Every structure is written in C-alpha cells, then in structure tokens.
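A.B. asks: The structure file work11.cif (mmCIF, C-alpha atoms) is provided below.
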data_run
#
loop_
_atom_site.label_atom_id
_atom_site.label_comp_id
_atom_site.auth_asym_id
_atom_site.auth_seq_id
_atom_site.Cartn_x
_atom_site.Cartn_y
_atom_site.Cartn_z
CA MET A 869 -11.81 15.40 -11.63
CA ASN A 870 -9.81 12.80 -13.53
CA THR A 871 -6.89 10.90 -11.99
CA LYS A 872 -4.20 13.11 -13.50
CA THR A 873 -5.84 16.30 -12.21
CA LEU A 874 -6.28 14.90 -8.69
CA ILE A 875 -2.67 13.75 -8.50
CA ASP A 876 -1.48 17.10 -9.85
CA THR A 877 -3.46 18.80 -7.08
CA ALA A 878 -1.85 16.61 -4.42
CA ILE A 879 1.77 16.76 -5.61
CA ILE A 880 2.16 20.21 -7.18
CA ASN A 881 2.15 22.66 -4.29
CA SER A 882 4.14 25.52 -2.78
CA THR A 883 7.34 23.44 -2.78
CA THR A 884 7.12 22.80 -6.54
CA SER A 885 9.85 24.92 -8.07
CA GLY A 886 13.21 24.58 -9.77
CA SER A 887 14.49 21.06 -10.28
CA LYS A 888 11.89 19.72 -7.81
CA GLY A 889 9.16 21.25 -9.97
CA LEU A 890 10.28 19.19 -12.95
CA ALA A 891 10.53 16.08 -10.75
CA ASP A 892 7.05 16.67 -9.29
CA ARG A 893 5.50 16.90 -12.74
CA LEU A 894 7.30 13.80 -13.93
CA PHE A 895 6.07 11.90 -10.87
CA THR A 896 2.43 12.91 -11.43
CA HIS A 897 2.63 11.57 -14.98
CA TRP A 898 4.26 8.33 -13.75
CA PHE A 899 1.73 7.83 -10.93
CA SER A 900 -1.39 8.27 -13.10
CA ARG A 901 -1.76 4.54 -13.78
CA LEU A 902 -2.07 1.34 -11.77
CA VAL A 903 0.75 1.45 -9.24
CA TYR A 904 -0.20 -1.00 -6.49
CA ALA A 905 -1.96 -4.30 -7.22
CA GLN A 906 -1.62 -4.92 -3.47
CA ILE A 907 -1.13 -2.52 -0.60
CA TRP A 908 2.19 -2.24 1.28
CA GLU A 909 1.08 -1.27 4.78
CA ASP A 910 0.36 -4.00 7.31
CA PRO A 911 -3.35 -4.06 8.33
CA LYS A 912 -2.58 -6.12 11.44
CA SER A 913 -0.42 -3.28 12.72
CA ASP A 914 -3.19 -0.81 11.84
CA LEU A 915 -5.84 -2.77 13.74
CA ASP A 916 -3.55 -3.27 16.73
CA ALA A 917 -2.98 0.48 16.82
CA LEU A 918 -6.63 1.48 16.39
CA GLN A 919 -8.32 -1.06 18.72
CA LEU A 920 -11.58 -0.45 16.87
CA LYS A 921 -14.95 -1.01 18.47
CA PRO A 922 -17.79 -2.49 16.37
CA GLY A 923 -19.69 0.15 14.45
CA ALA A 924 -16.71 2.43 13.77
CA ASN A 925 -16.61 4.80 10.81
CA ILE A 926 -13.26 4.47 9.06
CA LEU A 927 -11.53 6.61 6.44
CA THR A 928 -8.60 5.05 4.59
CA ILE A 929 -6.66 5.46 1.38
CA SER A 930 -7.49 2.58 -0.94
CA SER A 931 -4.22 1.85 -2.72
CA GLY A 932 -4.49 -1.83 -3.76
CA GLY A 933 -7.60 -2.28 -1.63
CA CYS A 934 -6.31 -5.05 0.66
CA ASN A 935 -6.46 -3.05 3.89
CA ALA A 936 -9.87 -1.49 3.31
CA LEU A 937 -11.18 -5.04 3.04
CA ALA A 938 -9.19 -6.32 6.03
CA TYR A 939 -10.74 -3.65 8.28
CA LEU A 940 -14.13 -5.30 7.72
CA SER A 941 -13.00 -7.98 10.16
CA ALA A 942 -13.49 -5.38 12.93
CA ASN A 943 -17.22 -5.12 12.07
CA PRO A 944 -17.22 -1.38 11.26
CA ALA A 945 -20.27 0.62 10.22
CA ALA A 946 -18.43 1.86 7.12
CA VAL A 947 -15.02 1.87 5.50
CA HIS A 948 -14.60 4.84 3.18
CA ALA A 949 -11.73 4.15 0.76
CA VAL A 950 -10.43 7.32 -0.90
CA ASP A 951 -7.87 7.44 -3.69
CA LEU A 952 -6.55 9.95 -6.21
CA ASN A 953 -5.93 7.12 -8.66
CA ALA A 954 -9.01 5.59 -10.30
CA ALA A 955 -7.01 2.46 -11.20
CA HIS A 956 -6.61 1.68 -7.49
CA LEU A 957 -10.35 2.05 -6.95
CA ALA A 958 -10.93 -0.33 -9.86
CA MET A 959 -8.61 -2.83 -8.16
CA LEU A 960 -10.53 -2.43 -4.90
CA GLU A 961 -13.82 -3.01 -6.71
CA MET A 962 -12.48 -6.12 -8.44
CA LYS A 963 -11.51 -7.59 -5.06
CA LYS A 964 -14.76 -6.52 -3.45
CA LYS A 965 -16.93 -8.07 -6.17
CA ALA A 966 -14.88 -11.27 -6.14
CA ILE A 967 -15.43 -11.70 -2.40
CA LYS A 968 -19.14 -10.96 -2.74
CA HIS A 969 -20.06 -12.90 -5.89
CA LEU A 970 -17.70 -15.83 -6.37
CA PRO A 971 -19.26 -19.09 -5.16
CA ASP A 972 -17.08 -19.84 -2.13
CA TYR A 973 -13.82 -19.20 -0.31
CA ASP A 974 -11.79 -21.56 -2.50
CA SER A 975 -12.84 -19.77 -5.69
CA VAL A 976 -11.98 -16.41 -4.11
CA LEU A 977 -8.55 -17.73 -3.12
CA THR A 978 -7.94 -19.01 -6.63
CA TYR A 979 -9.04 -15.72 -8.18
CA LEU A 980 -7.41 -13.22 -5.82
CA GLY A 981 -4.73 -15.31 -4.14
CA ASN A 982 -3.34 -17.47 -6.91
CA ALA A 983 -4.45 -14.88 -9.51
CA ALA A 984 -2.78 -16.93 -12.23
CA HIS A 985 -5.29 -19.66 -13.16
CA SER A 986 -6.77 -19.79 -16.67
CA ASP A 987 -10.22 -20.60 -15.22
CA ASN A 988 -10.19 -17.13 -13.65
CA LEU A 989 -11.24 -15.74 -17.02
CA LYS A 990 -14.50 -17.69 -16.76
CA ARG A 991 -14.90 -16.65 -13.13
CA TYR A 992 -14.55 -13.01 -14.13
CA GLN A 993 -17.01 -13.24 -17.01
CA ARG A 994 -19.62 -15.25 -15.12
CA HIS A 995 -19.49 -13.91 -11.57
CA ILE A 996 -17.75 -10.51 -11.53
CA ARG A 997 -18.18 -8.60 -14.78
CA PRO A 998 -22.01 -8.29 -14.49
CA HIS A 999 -21.64 -6.52 -11.13
CA LEU A 1000 -18.88 -4.00 -11.88
CA SER A 1001 -19.60 -0.28 -11.96
CA GLU A 1002 -19.24 1.50 -15.28
CA GLU A 1003 -15.94 3.05 -14.21
CA ALA A 1004 -14.41 -0.22 -13.03
CA SER A 1005 -15.71 -2.11 -16.06
CA THR A 1006 -14.14 0.46 -18.37
CA PHE A 1007 -10.77 -0.02 -16.65
CA TRP A 1008 -10.79 -3.82 -16.64
CA GLU A 1009 -12.26 -4.24 -20.13
CA SER A 1010 -9.89 -1.73 -21.73
CA ARG A 1011 -6.60 -2.96 -23.14
CA SER A 1012 -3.19 -2.63 -21.56
CA LEU A 1013 -0.09 -1.54 -23.47
CA LEU A 1014 0.36 -5.21 -24.45
CA GLY A 1015 -3.02 -5.16 -26.19
CA GLN A 1016 -4.98 -7.50 -23.91
CA PRO A 1017 -7.94 -6.66 -21.64
CA ARG A 1018 -6.73 -5.88 -18.15
CA TYR A 1019 -8.99 -8.46 -16.52
CA ARG A 1020 -6.60 -11.05 -17.96
CA TYR A 1021 -4.12 -9.98 -15.27
CA PHE A 1022 -5.95 -12.38 -12.96
CA SER A 1023 -5.04 -15.33 -15.17
CA LYS A 1024 -1.37 -14.29 -15.33
CA ASN A 1025 -0.53 -13.41 -11.72
CA ALA A 1026 -2.13 -10.01 -11.23
CA TYR A 1027 0.46 -9.01 -8.61
CA GLN A 1028 3.22 -8.90 -11.20
CA TYR A 1029 1.42 -6.00 -12.92
CA GLY A 1030 1.24 -2.31 -12.06
CA LEU A 1031 4.27 -0.10 -11.59
CA LEU A 1032 5.27 -1.79 -8.35
CA GLY A 1033 4.94 -5.24 -9.92
CA ASP A 1034 7.19 -4.09 -12.76
CA PHE A 1035 9.65 -2.63 -10.26
CA ILE A 1036 9.87 -5.88 -8.28
CA GLY A 1037 10.41 -7.80 -11.52
CA PHE A 1038 13.23 -5.43 -12.46
CA ALA A 1039 14.72 -5.79 -8.97
CA HIS A 1040 14.86 -9.59 -9.34
CA MET A 1041 16.62 -9.25 -12.70
CA PHE A 1042 19.05 -6.64 -11.36
CA VAL A 1043 19.95 -8.73 -8.30
CA ARG A 1044 20.65 -11.76 -10.52
CA MET A 1045 22.90 -9.61 -12.71
CA MET A 1046 24.81 -8.63 -9.57
CA GLY A 1047 25.27 -12.29 -8.59
CA GLY A 1048 22.43 -12.55 -6.06
CA ASN A 1049 19.04 -14.26 -5.99
CA MET A 1050 16.02 -12.84 -4.17
CA LYS A 1051 14.00 -16.06 -4.46
CA LYS A 1052 16.57 -17.91 -2.36
CA LEU A 1053 15.31 -16.09 0.73
CA LEU A 1054 12.06 -18.08 0.59
CA GLU A 1055 14.02 -21.27 1.28
CA ALA A 1056 14.63 -20.19 4.89
CA ARG A 1057 12.98 -22.24 7.63
CA THR A 1058 14.42 -20.50 10.69
CA PRO A 1059 15.32 -16.91 11.62
CA GLU A 1060 18.98 -17.88 11.46
CA GLU A 1061 18.54 -19.14 7.89
CA GLN A 1062 16.72 -15.94 6.92
CA SER A 1063 19.71 -13.86 8.07
CA ARG A 1064 22.23 -16.20 6.42
CA LEU A 1065 20.43 -16.23 3.09
CA PHE A 1066 19.98 -12.45 3.16
CA ASP A 1067 23.70 -11.92 3.79
CA ARG A 1068 24.60 -14.40 1.04
CA TYR A 1069 22.15 -13.59 -1.76
CA LEU A 1070 20.96 -10.00 -1.30
CA ALA A 1071 22.98 -7.83 1.08
CA PRO A 1072 26.10 -7.56 -1.13
CA VAL A 1073 24.06 -5.98 -3.95
CA PHE A 1074 23.41 -2.87 -1.87
CA ASP A 1075 27.16 -2.20 -1.62
CA THR A 1076 27.85 -2.24 -5.36
CA ALA A 1077 28.77 0.99 -7.12
CA ILE A 1078 25.87 0.71 -9.56
CA PHE A 1079 23.30 0.32 -6.77
CA ARG A 1080 24.80 3.27 -4.88
CA PHE A 1081 24.31 5.34 -8.03
CA ILE A 1082 20.72 4.14 -8.59
CA ALA A 1083 19.82 4.80 -4.94
CA ARG A 1084 20.68 8.49 -5.39
CA GLN A 1085 18.26 8.94 -8.32
CA PRO A 1086 14.73 10.02 -7.27
CA VAL A 1087 13.18 8.82 -10.53
CA ALA A 1088 14.37 5.27 -9.82
CA LEU A 1089 11.90 5.10 -6.92
CA TYR A 1090 8.81 6.47 -8.67
CA SER A 1091 7.49 2.95 -9.24
CA LEU A 1092 7.47 2.49 -5.47
CA GLY A 1093 5.17 5.51 -5.23
CA ILE A 1094 7.90 7.65 -3.66
CA PRO A 1095 7.51 11.30 -4.80
CA PRO A 1096 10.36 13.84 -4.70
CA SER A 1097 9.27 15.28 -1.31
CA GLN A 1098 9.39 11.83 0.30
CA PHE A 1099 12.75 11.12 -1.32
CA ALA A 1100 14.07 14.22 0.47
CA ALA A 1101 12.92 12.76 3.82
CA LEU A 1102 14.73 9.51 3.02
CA LYS A 1103 17.93 11.42 2.27
CA HIS A 1104 17.60 13.25 5.59
CA ASP A 1105 17.57 9.93 7.47
CA ALA A 1106 20.32 8.34 5.39
CA LYS A 1107 23.32 9.76 7.22
CA GLN A 1108 25.65 7.07 5.85
CA GLY A 1109 24.09 6.89 2.38
CA LEU A 1110 20.78 5.86 0.86
CA HIS A 1111 22.16 2.47 -0.16
CA LEU A 1112 22.62 1.55 3.50
CA LEU A 1113 19.17 2.83 4.47
CA PHE A 1114 17.58 0.64 1.77
CA LYS A 1115 19.75 -2.27 2.84
CA GLU A 1116 18.59 -2.06 6.45
CA ARG A 1117 14.91 -1.76 5.48
CA MET A 1118 15.23 -4.78 3.22
CA ARG A 1119 16.95 -6.64 6.06
CA HIS A 1120 13.99 -5.75 8.29
CA LEU A 1121 11.61 -7.25 5.71
CA ALA A 1122 13.74 -10.35 5.11
CA CYS A 1123 14.91 -11.18 8.62
CA ASP A 1124 12.77 -9.66 11.39
CA PHE A 1125 9.56 -11.67 10.84
CA PRO A 1126 8.95 -15.36 10.05
CA ILE A 1127 9.09 -15.35 6.27
CA GLU A 1128 6.37 -17.99 5.94
CA GLU A 1129 4.01 -15.61 7.78
CA ASN A 1130 4.80 -12.45 5.85
CA CYS A 1131 2.74 -11.76 2.73
CA PHE A 1132 4.93 -8.76 1.93
CA ALA A 1133 8.10 -10.86 1.90
CA GLN A 1134 6.30 -13.46 -0.23
CA GLN A 1135 5.56 -10.79 -2.84
CA ALA A 1136 8.97 -9.13 -2.67
CA PHE A 1137 10.98 -12.34 -2.93
CA GLY A 1138 8.55 -14.72 -4.66
CA ARG A 1139 6.42 -12.32 -6.74
CA ARG A 1140 3.26 -14.15 -5.70
CA HIS A 1141 1.06 -15.15 -2.77
CA ASP A 1142 1.80 -18.56 -1.26
CA THR A 1143 -1.73 -20.00 -1.24
CA SER A 1144 -0.56 -23.24 0.37
CA LYS A 1145 -0.08 -21.51 3.74
CA GLN A 1146 -2.85 -19.48 5.35
CA ALA A 1147 -0.41 -17.45 7.46
CA ALA A 1148 1.45 -16.37 4.33
CA LEU A 1149 -1.64 -14.73 2.84
CA PRO A 1150 -2.76 -11.11 3.21
CA MET A 1151 -5.26 -10.74 6.02
CA TYR A 1152 -8.23 -10.19 3.69
CA LEU A 1153 -7.56 -13.53 1.96
CA GLN A 1154 -7.24 -15.69 5.07
CA LYS A 1155 -10.08 -18.13 5.56
CA GLN A 1156 -10.64 -17.15 9.19
CA TYR A 1157 -11.83 -13.69 8.07
CA PHE A 1158 -13.81 -14.72 4.99
CA THR A 1159 -17.23 -14.95 6.63
CA SER A 1160 -17.00 -11.51 8.25
CA LEU A 1161 -15.66 -9.91 5.07
CA ARG A 1162 -18.43 -11.37 2.94
CA LEU A 1163 -21.07 -10.38 5.47
CA ASN A 1164 -19.78 -6.80 5.66
CA ILE A 1165 -18.58 -6.34 2.08
CA ASP A 1166 -21.13 -3.65 1.17
CA ARG A 1167 -19.80 -1.47 3.99
CA VAL A 1168 -16.77 -0.57 1.85
CA HIS A 1169 -17.41 2.63 -0.13
CA ALA A 1170 -15.00 3.94 -2.77
CA HIS A 1171 -14.44 7.66 -3.44
CA HIS A 1172 -12.35 9.21 -6.23
CA ILE A 1173 -11.52 12.39 -4.33
CA THR A 1174 -8.89 13.90 -2.04
CA LEU A 1175 -8.91 13.18 1.69
CA THR A 1176 -9.64 16.81 2.53
CA GLU A 1177 -12.52 17.13 0.09
CA PHE A 1178 -14.08 13.91 1.36
CA LEU A 1179 -13.91 15.13 4.96
CA ARG A 1180 -15.42 18.50 4.09
CA LYS A 1181 -18.60 16.61 3.22
CA GLN A 1182 -18.78 14.79 6.57
CA ALA A 1183 -20.60 15.84 9.73
CA ASN A 1184 -18.88 17.04 12.89
CA ALA A 1185 -17.59 14.27 15.18
CA SER A 1186 -18.64 11.56 12.71
CA MET A 1187 -15.42 9.61 12.12
CA ASP A 1188 -13.63 7.17 14.44
CA ALA A 1189 -10.50 6.17 12.55
CA TYR A 1190 -8.30 7.61 9.82
CA LEU A 1191 -5.58 5.74 7.92
CA PHE A 1192 -3.47 8.00 5.74
CA LEU A 1193 -0.73 5.60 4.59
CA ASP A 1194 2.19 7.90 3.64
CA ALA A 1195 0.11 10.58 1.88
CA GLN A 1196 1.16 13.34 4.26
CA ASP A 1197 4.75 13.04 3.07
CA TRP A 1198 3.46 14.53 -0.19
CA MET A 1199 1.89 17.58 1.43
CA ASP A 1200 3.17 21.09 2.10
CA GLN A 1201 2.23 23.02 5.25
CA GLN A 1202 -0.97 24.48 3.80
CA GLN A 1203 -2.23 21.10 2.60
CA LEU A 1204 -1.46 19.47 5.96
CA THR A 1205 -3.23 22.26 7.83
CA GLU A 1206 -6.33 22.07 5.63
CA LEU A 1207 -6.47 18.29 6.08
CA TRP A 1208 -6.08 18.38 9.85
CA GLU A 1209 -8.65 21.15 10.24
CA GLU A 1210 -11.14 18.69 8.75
CA VAL A 1211 -9.77 15.71 10.68
CA THR A 1212 -10.11 17.60 13.95
CA ARG A 1213 -13.62 18.80 13.10
CA THR A 1214 -14.90 15.38 12.01
CA ALA A 1215 -13.15 13.32 14.71
CA ALA A 1216 -15.41 11.69 17.29
CA ALA A 1217 -14.31 11.46 20.92
CA GLY A 1218 -11.30 9.18 21.16
CA ALA A 1219 -10.80 9.05 17.38
CA LYS A 1220 -7.40 7.81 16.15
CA VAL A 1221 -5.21 8.54 13.15
CA VAL A 1222 -2.56 6.13 11.83
CA PHE A 1223 -0.04 6.96 9.13
CA ARG A 1224 3.42 6.04 7.85
CA THR A 1225 6.36 8.22 6.90
CA GLY A 1226 9.31 7.67 4.60
CA GLY A 1227 11.61 9.11 7.24
CA GLU A 1228 11.46 8.42 10.97
CA GLU A 1229 9.84 11.68 12.08
CA SER A 1230 6.20 12.74 11.96
CA PRO A 1231 5.65 15.82 9.77
CA LEU A 1232 2.91 17.15 12.04
CA GLU A 1233 4.93 18.57 14.92
CA GLY A 1234 6.78 21.08 12.79
CA LYS A 1235 4.01 22.03 10.37
CA LEU A 1236 0.61 22.06 12.09
CA PRO A 1237 -0.56 25.22 13.90
CA ALA A 1238 -0.61 24.98 17.69
CA HIS A 1239 -4.41 24.98 17.94
CA LEU A 1240 -4.59 21.84 15.78
CA ILE A 1241 -1.68 19.82 17.14
CA SER A 1242 -2.83 20.50 20.71
CA ALA A 1243 -6.09 18.66 20.00
CA TRP A 1244 -4.13 15.41 19.51
CA GLN A 1245 -1.70 13.34 21.50
CA THR A 1246 0.94 10.84 20.46
CA ASP A 1247 3.54 8.65 22.17
CA VAL A 1248 6.87 8.44 20.34
CA ALA A 1249 7.97 5.27 22.14
CA HIS A 1250 4.67 3.56 21.35
CA ASN A 1251 4.97 4.66 17.73
CA ARG A 1252 8.39 3.01 17.50
CA ALA A 1253 6.91 -0.18 18.92
CA LEU A 1254 4.13 -0.08 16.32
CA TYR A 1255 6.64 0.46 13.53
CA ALA A 1256 8.50 -2.65 14.64
CA THR A 1257 5.36 -4.73 14.01
CA ASP A 1258 4.75 -3.57 10.42
CA ARG A 1259 5.84 -6.52 8.29
CA SER A 1260 6.02 -4.52 5.06
CA ALA A 1261 9.12 -2.83 6.48
CA ILE A 1262 9.45 -0.22 3.72
CA TYR A 1263 8.83 2.91 5.80
CA GLY A 1264 10.87 4.80 8.35
CA GLY A 1265 8.07 5.41 10.83
CA MET A 1266 4.52 4.48 11.87
CA HIS A 1267 2.58 7.05 13.88
CA LEU A 1268 -0.58 6.97 15.99
CA TYR A 1269 -2.40 10.12 17.08
CA LYS A 1270 -5.43 10.14 19.38
CA LYS A 1271 -8.00 12.91 19.81
CA VAL A 1272 -7.60 14.53 23.22
#
Could you quickly redo this structure as structure tokens?
C.D. replies:
Amino acid sequence: MNTKTLIDTAIINSTTSGSKGLADRLFTHWFSRLVYAQIWEDPKSDLDALQLKPGANILTISSGGCNALAYLSANPAAVHAVDLNAAHLAMLEMKKKAIKHLPDYDSVLTYLGNAAHSDNLKRYQRHIRPHLSEEASTFWESRSLLGQPRYRYFSKNAYQYGLLGDFIGFAHMFVRMMGGNMKKLLEARTPEEQSRLFDRYLAPVFDTAIFRFIARQPVALYSLGIPPSQFAALKHDAKQGLHLLFKERMRHLACDFPIEENCFAQQAFGRRHDTSKQAALPMYLQKQYFTSLRLNIDRVHAHHITLTEFLRKQANASMDAYLFLDAQDWMDQQQLTELWEEVTRTAAAGAKVVFRTGGEESPLEGKLPAHLISAWQTDVAHNRALYATDRSAIYGGMHLYKKV
C-alpha cells in the first residue's frame, strides 16, 4: 500500500462520521507527507521503563527515526521500525546510512546534528547516496515544493522542515507578534531563570484571545500529528480550557528539566540541535553511544506497514518490547482489539509495552476485552512517575504494560 492508503486505513474507522468524518479525511491528507524530522518521545524514558536485556526483539513506530536508533544502545537482536508514512522511513534510512557510512563521529554530528553545513551536500553525494534503497533515494532525490532536492535539507537545518518544523517556525513568529520571544528561554542558566523567562516571554501568549481561539480549532494541531480523535481526548482533560492545558505542557517542557540537557526544548525554542553540548543532543547523536550504534546499525529494520499487519507475520512469543508512541489514540475499539490480540500472541514472557496518550488516561482499560486486558498488568502510580521523566512534555500520559 502507499502512504495515503495506509494512513486512511488507520484514521478512517467506525468513529468516522459527521463533522469528524470530514476532519478525519482532512487529517489523512495533511499527514501524508514528512511530518517529523525528529521524534518527540524521550528514548531515555522508554529505556528506563523497558529495562531491556541484550538480545531483545523490539517493535517501535519509526516517526523521525531517532528512538529506533537510540534503542541500539541496549544491544538488541533487532529493532523493527514500522510506519504508515514512507517519508518517515526515508528519514530513518538517511540517519541510519549516515551513522554507518560517514567517516567518523564528527562528520555524523555535522551531518545529522548541525544539519546546516554546505559541506553536507558532498557528504551526502559521496558517502550516503550510493547506499540508499530505491524508495529512500526517490524521496531524497525528488524535489520539494520549493523546487530543490530534499537532500538539501541537511545543508539548511533539516529540523526546520516537515510539518512539525513548519509549525514550530509559525509558533515563533506568532509568539513574537504577541510580544513574546521563544528563543529567550535558551538564555536560562538555572531552574529559577527558566521559570522567570517562561513567565516573561511565553506564558502570557497562552492567555490572549487569539490563542484561545486557535487552541479550539482541531485543524490548527494537524502539523503536530494530532488527529481529531486525539484532539477529543485533549478536550476531555482540559477542564479549564485547552489554552491552559497547552500552557501547562509548555511550562513542563520549559521549566521542569535543565534546558541545556533537553534536546526537545532546544528544538522547540532554538529550532536546532546545540552541537556544542553533548547533553543537549538527542541520545542517538551523543558520542558515548556512537560506537554501539555503529556496531549494531544493521539491526534496525524498516517496514512500511501497520503495527497489526507486521505482528501477524511474527511467531508466537517472539517479541520482547513494543513502543507504540501515541498511535493507539487514533484507534477505535476494533482496531485496538485486533492490535492487542497480536501483541498478546507475539509477546514473550515478561514482554513490555510502552505508549503515550494525548490525555492522561490509558485507552486500554475501557476498550479491550477482558481476556486481553487480563493478560497484562500496569501500575498507574509508576506510569505517572514515568511521564514525569519524559522531557518532550507534549503528552498527557506515559503508560507501561507488562505481560503477566
């Protein structure tokens, strides 16, 4: 199937009717292109939750590819990266080939970390292009709407591209129009300064009438990858208004972690990776993990397929870890049940599942049949503690389930 068909299959379900039906179809059209140049779930939180043993078989959603690569640091047998969107798999392959074929760590950091150096065009042509699959090569060699080959993104700050990159750029412009300045938050050197700068340069924007209006429009959040069904979960949690929910999540991102150690804050407020500080980089780009990633790089396998269809092809009790990002927020009861029938069948003893939700609550308890949910256990208090460690701070919940 092509990307559009796969996304249609995932989004258009039994809940697609009336005004939501129109919104679902608009979202599938919007989402059928590069959305995430980098992923927005924290792999450190994932690995802390999973406590993987060497030799694990992992299933994850690719998105921007950062986390699938970061999991290689745990020395797994395989990381299967599934995605409905072929553009995300092309991004994963670009990162994978850069790690494998560029001469050394410094050249990888310049190509994937800085991602804005003119010499990256030569690095692509000499070291990466000869090794790309036909599908990935077609994506990167084809021209964007601006008329240039997409591989040029990596000479012009690749992380400012894609729908999310465009959204963050618009957010910076909007905040400046409202009298704020998102970049000012990167000047903080202490937690107290982070809070002060947030209150001065960003918090007031969330209370403006125009932002309150925008926050109520589902289409305004499509570039964040938030479909109509997930928007409904956000509204459910936003008792005092969506503008306040977004304000508190942005405060969590800006104030609750050292900003110089948060790659997600660096992208949100600086629109780039800070390559001068190792702790500010995504896990897969930190030098301490480079050797293990390069050694294990061929253990990452990309699949343009749904999660359920991938699992239907796997043997009983063959998987050790599953990372579903927020994909289950998109699913109706039938889709969730079909997925978890395969998860339960393929799960090895002690297997674990990690996922995020737009709202605070897990969708499983109210939707899965008793015979499936009884095969798994979760700890709500522990889940809240895990959520507090996720530096991306854009979700309402992080959930860990373990096979009984």
A.B. asks: Write out as a PyMOL selection string each polymer residue whose atoms come within 12 Å of Lys1145 (chain A), counting all atoms listed in the file; drop sequence neighbours fewer than 6 positions from it.
C.D. replies: chain A and resi 977+981-982+1127-1131+1134+1153-1155
A.B. asks: To verify the selection step, state as a list in words which residues the PyMOL selection byres ((chain A and resi 1120) around 9) yields on this input.
C.D. replies: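 Written out, the selection comes to Lys1115, Glu1116, Arg1117, Met1118, Arg1119, Leu1121, Ala1122, Cys1123, Asp1124, Phe1125, Ala1256, Arg1259, Ser1260, Ala1261 and Ile1262 of chain A.
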A.B. asks: Could you tell me how far CA of Ser1230 (chain A) lies from CA of Phe1178 (chain A), in Å and to one decimal?
C.D. replies: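 Atom-to-atom, CA of Ser1230 (chain A) to CA of Phe1178 (chain A), that is 22.9 Å.
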A.B. asks: Please evaluate the PyMOL selection byres ((chain A and resi 1018-1028) around 6) against the structure above and give the resulting residues as a PDB file with C-alpha atoms, keeping the file's coordinate frame.
C.D. replies:
ATOM      1  CA  ALA A 905      -1.960  -4.300  -7.220  1.00  0.00           C
ATOM      2  CA  ALA A 983      -4.450 -14.880  -9.510  1.00  0.00           C
ATOM      3  CA  ALA A 984      -2.780 -16.930 -12.230  1.00  0.00           C
ATOM      4  CA  HIS A 985      -5.290 -19.660 -13.160  1.00  0.00           C
ATOM      5  CA  SER A 986      -6.770 -19.790 -16.670  1.00  0.00           C
ATOM      6  CA  ASN A 988     -10.190 -17.130 -13.650  1.00  0.00           C
ATOM      7  CA  TRP A1008     -10.790  -3.820 -16.640  1.00  0.00           C
ATOM      8  CA  ARG A1011      -6.600  -2.960 -23.140  1.00  0.00           C
ATOM      9  CA  SER A1012      -3.190  -2.630 -21.560  1.00  0.00           C
ATOM     10  CA  PRO A1017      -7.940  -6.660 -21.640  1.00  0.00           C
ATOM     11  CA  TYR A1029       1.420  -6.000 -12.920  1.00  0.00           C
ATOM     12  CA  GLY A1033       4.940  -5.240  -9.920  1.00  0.00           C
TER      13      GLY A1033
END
A.B. asks: Can you turn the PyMOL selection byres ((chain A and resi 1158-1161) around 7) into a concrete residue list for this file, as a compact mmCIF listing (two decimals) with C-alpha atoms, keeping the file's coordinate frame?
C.D. replies:
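The new file expr.txt reads:
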# COMPACT_ATOMS: atom_id res chain seq x y z
CA LEU A 937 -11.18 -5.04 3.04
CA LEU A 940 -14.13 -5.30 7.72
CA SER A 941 -13.00 -7.98 10.16
CA TYR A 973 -13.82 -19.20 -0.31
CA GLN A 1154 -7.24 -15.69 5.07
CA LYS A 1155 -10.08 -18.13 5.56
CA GLN A 1156 -10.64 -17.15 9.19
CA TYR A 1157 -11.83 -13.69 8.07
CA ARG A 1162 -18.43 -11.37 2.94
CA LEU A 1163 -21.07 -10.38 5.47
CA ASN A 1164 -19.78 -6.80 5.66
CA ILE A 1165 -18.58 -6.34 2.08
A.B. asks: So which residues touch Asn935 (chain A) within 12 Å, counting all atoms listed in the file, skipping near sequence neighbours fewer than 5 positions away, as a count of residues only?
C.D. replies: 33
A.B. asks: Pick from A:Ala955, A:His1172, A:Glu1060, A:Asp1200: nearest to Ser1010 (chain A), with all atoms listed in the file counted?
C.D. replies: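 Using all atoms listed in the file, the shortest distance to Ser1010 (chain A) belongs to A:Ala955.
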A.B. asks: In terms of the shortest atom-to-atom distance over all atoms listed in the file, which of A:Lys1181, A:Thr1076, A:Gln919, A:Gln1135 is closest to Val1221 (chain A)?
C.D. replies: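 The shortest atom-to-atom distance to Val1221 (chain A) comes from A:Gln919.
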A.B. asks: My list of candidates is A:Lys1051, A:His1250, A:Lys1271, A:His999. Which is closest to Ala1039 (chain A) when distances are computed with only C-alpha atoms?
C.D. replies: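 Nearest to Ala1039 (chain A): A:Lys1051.
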A.B. asks: May I ask which of the residues A:Met1050, A:Ala958, A:Leu952, A:Leu1236 is the closest one to Ala1136 (chain A), counting only C-alpha atoms?
C.D. replies: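 Smallest distance to Ala1136 (chain A) is found for A:Met1050.
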A.B. asks: Considering all atoms listed in the file, return as a PyMOL selection string whatever protein or nucleic-acid residues lie within 8 Å of Met1266 (chain A), sequence-local ones (same chain, fewer than 4 positions apart) excluded.
C.D. replies: chain A and resi 1222-1225+1251-1252+1254-1255
A.B. asks: Quick one: write out the picked residues with C-alpha atoms as an mmCIF file, in the coordinates of the input?
C.D. replies:
data_model
loop_
_atom_site.group_PDB
_atom_site.id
_atom_site.type_symbol
_atom_site.label_atom_id
_atom_site.label_comp_id
_atom_site.auth_asym_id
_atom_site.auth_seq_id
_atom_site.Cartn_x
_atom_site.Cartn_y
_atom_site.Cartn_z
ATOM 1 C CA VAL A 1222 -2.560 6.130 11.830
ATOM 2 C CA PHE A 1223 -0.040 6.960 9.130
ATOM 3 C CA ARG A 1224 3.420 6.040 7.850
ATOM 4 C CA THR A 1225 6.360 8.220 6.900
ATOM 5 C CA ASN A 1251 4.970 4.660 17.730
ATOM 6 C CA ARG A 1252 8.390 3.010 17.500
ATOM 7 C CA LEU A 1254 4.130 -0.080 16.320
ATOM 8 C CA TYR A 1255 6.640 0.460 13.530
#
